[in-house]
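Engineer: Dropping a structure here in structure tokens format, bear with me for questions.
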Amino acid sequence: MNDGNVKRNLLIIDDDKLFCETVKDEFRSPLLEIHTAYSAAEGLHICRSHNIDVVLLDENLPDSQGHLICPEILDGNEQCKILFITAHPSFEHAIQAIRSGAHDYLLKPFELEELRLSIKRALQMSEFERAQLLQSYKAIKDQQNSILIGTLGQNGGVYELVKRATEVRSPVLITGDTGTGKTLLARHIHYSSPCHEAPFVFVNCATLPENLIESELFGYEKGAFTGAVASRKGVFELAEGGTLFLDEIATMPLHLQAKLLGVLDNGTIRRLGGQSQITVNVRIIAATNTDLEAAIRSNLFRKDLYYRISVLCIHIPPLKARTEDIPQFCRHFITLFGANPDLDLDEKEIRLLQQYDWPGNVRELRNILERSYILHKRQLRPSELLFGAERKISGENPVIAHTSHEPCSLEEMEKNYIKEILGTKGGNLTQTAKALSISLSTLKRKLKLFRLTDTVQIE
């Protein structure tokens, strides 16, 4: 009856106790809780105290007529589906019930199989509407989270590029260190473009195992491989008319890079195990924190694909290069946390935050502010969490000593961190990939990119 794994509620409002018990016995299921009420008042009480998915509502009740209580049922359960039951030969009251919000009606007498199909259709419609609501809610939240904060650095040309990107459907490549806001910028471009009502689909190429990336991108046909019991659309089809955001595109295997290039050139895909070409209309936005030109020199990224995805190339500077944006970021994040709008950081705190290097960029700033809000709700002091005992204050000019060496690039930090984890795992690639929360294929590609292959055996 219920095709999902969530328990649903069915309410029978009918004074015929034998009918109620028969339905309960016939449709009993671990995923369907069945309630019974023998009067309108009792049924409305259950509706007010439970989230009811489907109601079987009889027309003739001891204390009311069924069509009269439809609005009250729906008042507290907007997504509820009412199946109106009537024996009236003219269907007059059934029509009144439909006009009052009932989903369907059944004419007595009816077979249990007819009732079963009606309940199944009502539950499926309820599931579909719930999914639509969740999708709508997600789109609204994504749109709210796509507002650009700050200046994107001193170069005003960046904002001009972003504006151009919202006006066209050409591919966009967003570069920048981890945590600078590449995903937020991709969302902003999509939701500021004419196709903002179409889907925005996000794929992190680094988190997908190599053997699943192709089926995730292009979908598959039934029987394409063991376990493919039904056909499934890939993200290109799911993003039809909208935007497909490919994060960490530098980790995509070379053979799939060739297929992606073909999609960009021809506008068609072929599902795994399929024979026909499917036309797709999707705008590609890609992002990476890797030097793609270095990856090209190392034969880890296709030069022709690089030229194809970088029609518009937007670089987001690290936070340490745009510390003038920190006050605005702070105000924005404090508002997101639901804090008192009058709560703000004093000038001393702002100056301390602006003197830090922010290796984790905007993401680190948000993390520190959120922790500070949890710990110090009345007076935010994020610098205490940031610098700790390493902060030395001399008059009004604190000396920040959060590192004992000169700052290095994020790529160098990533390389050193991978070497460190690899050492702690005794060179075991599987355990290292798990500790880094990346796929084994992604780790192997990074080892080649950073020229660390001489320290391990790459299969």
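Just remember, in the structure tokens the first chain shown is A, the second B, etc., residues are 1-based per chain, and ligands are 1-based in the order shown.
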Once DSSP has gone over the backbone, tell me which residues of stretch 195-291 of chain A are in helix (DSSP H, G or I), as a ChimeraX atom specification.
Structural biologist: /A:205-207,210-218,235-238,249-251,254-266
Engineer: Would you export the selected residues with C-alpha atoms as a compact mmCIF listing (two decimals), in the first residue's frame, please?
Structural biologist:
```txt
# COMPACT_ATOMS: atom_id res chain seq x y z
CA CYS A 205 33.13 14.87 -8.20
CA ALA A 206 35.68 14.19 -5.42
CA THR A 207 33.22 12.28 -3.23
CA GLU A 210 35.18 6.34 -9.90
CA ASN A 211 32.97 3.39 -10.87
CA LEU A 212 29.81 5.37 -10.00
CA ILE A 213 30.56 8.78 -11.53
CA GLU A 214 29.47 7.81 -15.05
CA SER A 215 26.11 6.39 -13.96
CA GLU A 216 25.57 9.38 -11.64
CA LEU A 217 26.21 11.86 -14.46
CA PHE A 218 24.53 10.13 -17.38
CA VAL A 235 22.09 14.45 -13.11
CA PHE A 236 22.26 15.87 -16.65
CA GLU A 237 18.63 14.89 -17.21
CA LEU A 238 17.62 15.98 -13.70
CA ILE A 249 36.04 18.96 -11.40
CA ALA A 250 39.82 18.40 -11.37
CA THR A 251 39.21 15.01 -9.72
CA LEU A 254 40.19 11.40 -17.85
CA HIS A 255 37.81 9.08 -19.72
CA LEU A 256 34.82 10.89 -18.21
CA GLN A 257 36.39 14.24 -19.02
CA ALA A 258 36.24 13.17 -22.67
CA LYS A 259 32.55 12.30 -22.33
CA LEU A 260 31.82 15.61 -20.60
CA LEU A 261 33.54 17.41 -23.46
CA GLY A 262 31.29 15.54 -25.89
CA VAL A 263 28.17 16.66 -23.98
CA LEU A 264 29.31 20.28 -24.06
CA ASP A 265 30.04 20.08 -27.80
CA ASN A 266 26.97 18.10 -28.93
```
Engineer: Quick one: DSSP strand (DSSP E or B) residues in stretch 224-343 of chain A, as a list in words?
Structural biologist: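 Checking each residue of stretch 224-343 of chain A, the strand (DSSP E or B) ones are Arg232, Thr243, Leu244, Phe245, Leu246, Asp247, Thr268, Ile269, Leu272, Ile278, Thr279, Arg283, Ile284, Ile285, Ala286, Ala287, Thr288, Leu312, Cys313, Ile314 and His315 of chain A.
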Engineer: Next, dump the selected residues to file, keeping only N, CA and C atoms, as a CSV table (one decimal), in the first residue's frame.
Structural biologist:
```
chain,number,residue,atom,x,y,z
A,232,ARG,N,17.3,4.7,-14.7
A,232,ARG,CA,17.4,5.8,-13.8
A,232,ARG,C,18.0,7.0,-14.6
A,243,THR,N,20.9,24.4,-14.2
A,243,THR,CA,22.3,24.4,-14.1
A,243,THR,C,22.8,23.2,-13.4
A,244,LEU,N,23.9,22.6,-13.9
A,244,LEU,CA,24.6,21.5,-13.3
A,244,LEU,C,25.9,22.0,-12.8
A,245,PHE,N,26.1,22.0,-11.4
A,245,PHE,CA,27.3,22.5,-10.8
A,245,PHE,C,28.2,21.3,-10.5
A,246,LEU,N,29.4,21.3,-11.2
A,246,LEU,CA,30.4,20.2,-11.0
A,246,LEU,C,31.5,20.7,-10.1
A,247,ASP,N,31.4,20.5,-8.8
A,247,ASP,CA,32.5,20.9,-7.9
A,247,ASP,C,33.6,19.9,-7.9
A,268,THR,N,24.2,16.3,-26.2
A,268,THR,CA,23.5,15.0,-26.0
A,268,THR,C,24.3,14.1,-25.0
A,269,ILE,N,23.5,13.2,-24.4
A,269,ILE,CA,24.2,12.2,-23.5
A,269,ILE,C,23.6,10.8,-23.9
A,272,LEU,N,24.2,4.9,-19.5
A,272,LEU,CA,25.0,3.7,-19.4
A,272,LEU,C,24.1,2.5,-19.8
A,278,ILE,N,20.3,11.2,-26.0
A,278,ILE,CA,19.3,12.0,-25.4
A,278,ILE,C,19.7,13.5,-25.4
A,279,THR,N,18.9,14.4,-26.0
A,279,THR,CA,19.3,15.8,-26.0
A,279,THR,C,19.0,16.4,-24.6
A,283,ARG,N,23.2,24.1,-18.4
A,283,ARG,CA,24.3,25.0,-18.3
A,283,ARG,C,25.3,24.5,-17.2
A,284,ILE,N,26.5,24.4,-17.6
A,284,ILE,CA,27.6,23.8,-16.7
A,284,ILE,C,28.3,25.0,-16.0
A,285,ILE,N,28.4,24.8,-14.7
A,285,ILE,CA,29.3,25.6,-13.9
A,285,ILE,C,30.2,24.7,-13.2
A,286,ALA,N,31.5,24.8,-13.3
A,286,ALA,CA,32.5,24.0,-12.7
A,286,ALA,C,33.3,24.8,-11.7
A,287,ALA,N,33.8,24.1,-10.7
A,287,ALA,CA,34.7,24.7,-9.7
A,287,ALA,C,35.8,23.9,-9.3
A,288,THR,N,36.9,24.5,-8.9
A,288,THR,CA,38.1,23.7,-8.5
A,288,THR,C,39.0,24.6,-7.6
A,312,LEU,N,33.9,31.6,-19.3
A,312,LEU,CA,34.0,32.6,-18.3
A,312,LEU,C,34.7,32.1,-17.1
A,313,CYS,N,35.8,32.6,-16.7
A,313,CYS,CA,36.6,32.2,-15.6
A,313,CYS,C,36.6,33.2,-14.5
A,314,ILE,N,36.1,32.8,-13.3
A,314,ILE,CA,36.0,33.7,-12.2
A,314,ILE,C,36.8,33.2,-11.0
A,315,HIS,N,37.7,34.0,-10.6
A,315,HIS,CA,38.6,33.6,-9.5
A,315,HIS,C,38.1,34.4,-8.2
```
Engineer: Using only C-alpha atoms, which of the listed residues (A:Arg130, A:Arg8, A:Arg99, A:Arg116) sits closest to A:Gln79?
Structural biologist: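 Checking each of A:Arg130, A:Arg8, A:Arg99, A:Arg116 against A:Gln79, counting only C-alpha atoms, the winner is A:Arg130.
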Engineer: In Å, rounded to a single decimal, give me how far atom CA of A:Asn204 is from atom CA of A:Lys419.
Structural biologist: 23.1 Å
Engineer: Which residues are near stretch 62-76 of chain A? Cut-off 9 Å, only C-alpha atoms, ignore same chain within fewer than 3 positions. Put them as number ranges by chain.
Structural biologist: A: 13, 15, 38-41, 43-44, 47-48, 51, 55, 57-59, 79-82, 84-85, 93-98, 100-102
Engineer: Smallest atom-to-atom distance to A:Met125: which of A:Val54, A:Ala239, A:Val168, A:Ile421, using only C-alpha atoms?
Structural biologist: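 Result for the nearest residue to A:Met125: A:Val54.
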Engineer: What does the distance between atom CA of A:Ala198 and atom CA of A:Thr180 come to in Å, to one decimal place?
Structural biologist: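 Going from atom CA of A:Ala198 over to atom CA of A:Thr180 covers 25.6 Å.
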Engineer: Tell me which protein, DNA and RNA residues are within 8 Å of A:Gly274, counting only C-alpha atoms, leaving out same-chain ones fewer than 6 positions away, and put them as a list of chain:residue names.
Structural biologist: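 Contacts, in chain order: A:Tyr220, A:Glu221, A:Ala224.
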Engineer: Of the residues A:Asn60, A:Thr335, A:Gln328, A:Ser383, which is the one nearest to A:Arg351, using only C-alpha atoms?
Structural biologist: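 Nearest to A:Arg351: A:Ser383.
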Engineer: Residues within 12 Å of stretch 445-449 of chain A, please, as a PyMOL selection string. Count only C-alpha atoms; anything in the same chain fewer than 2 positions from it doesn't count.
Structural biologist: chain A and resi 206+210+248-254+290-301+411-412+414-419+422+427+429+432-433+436+438-443+451-459
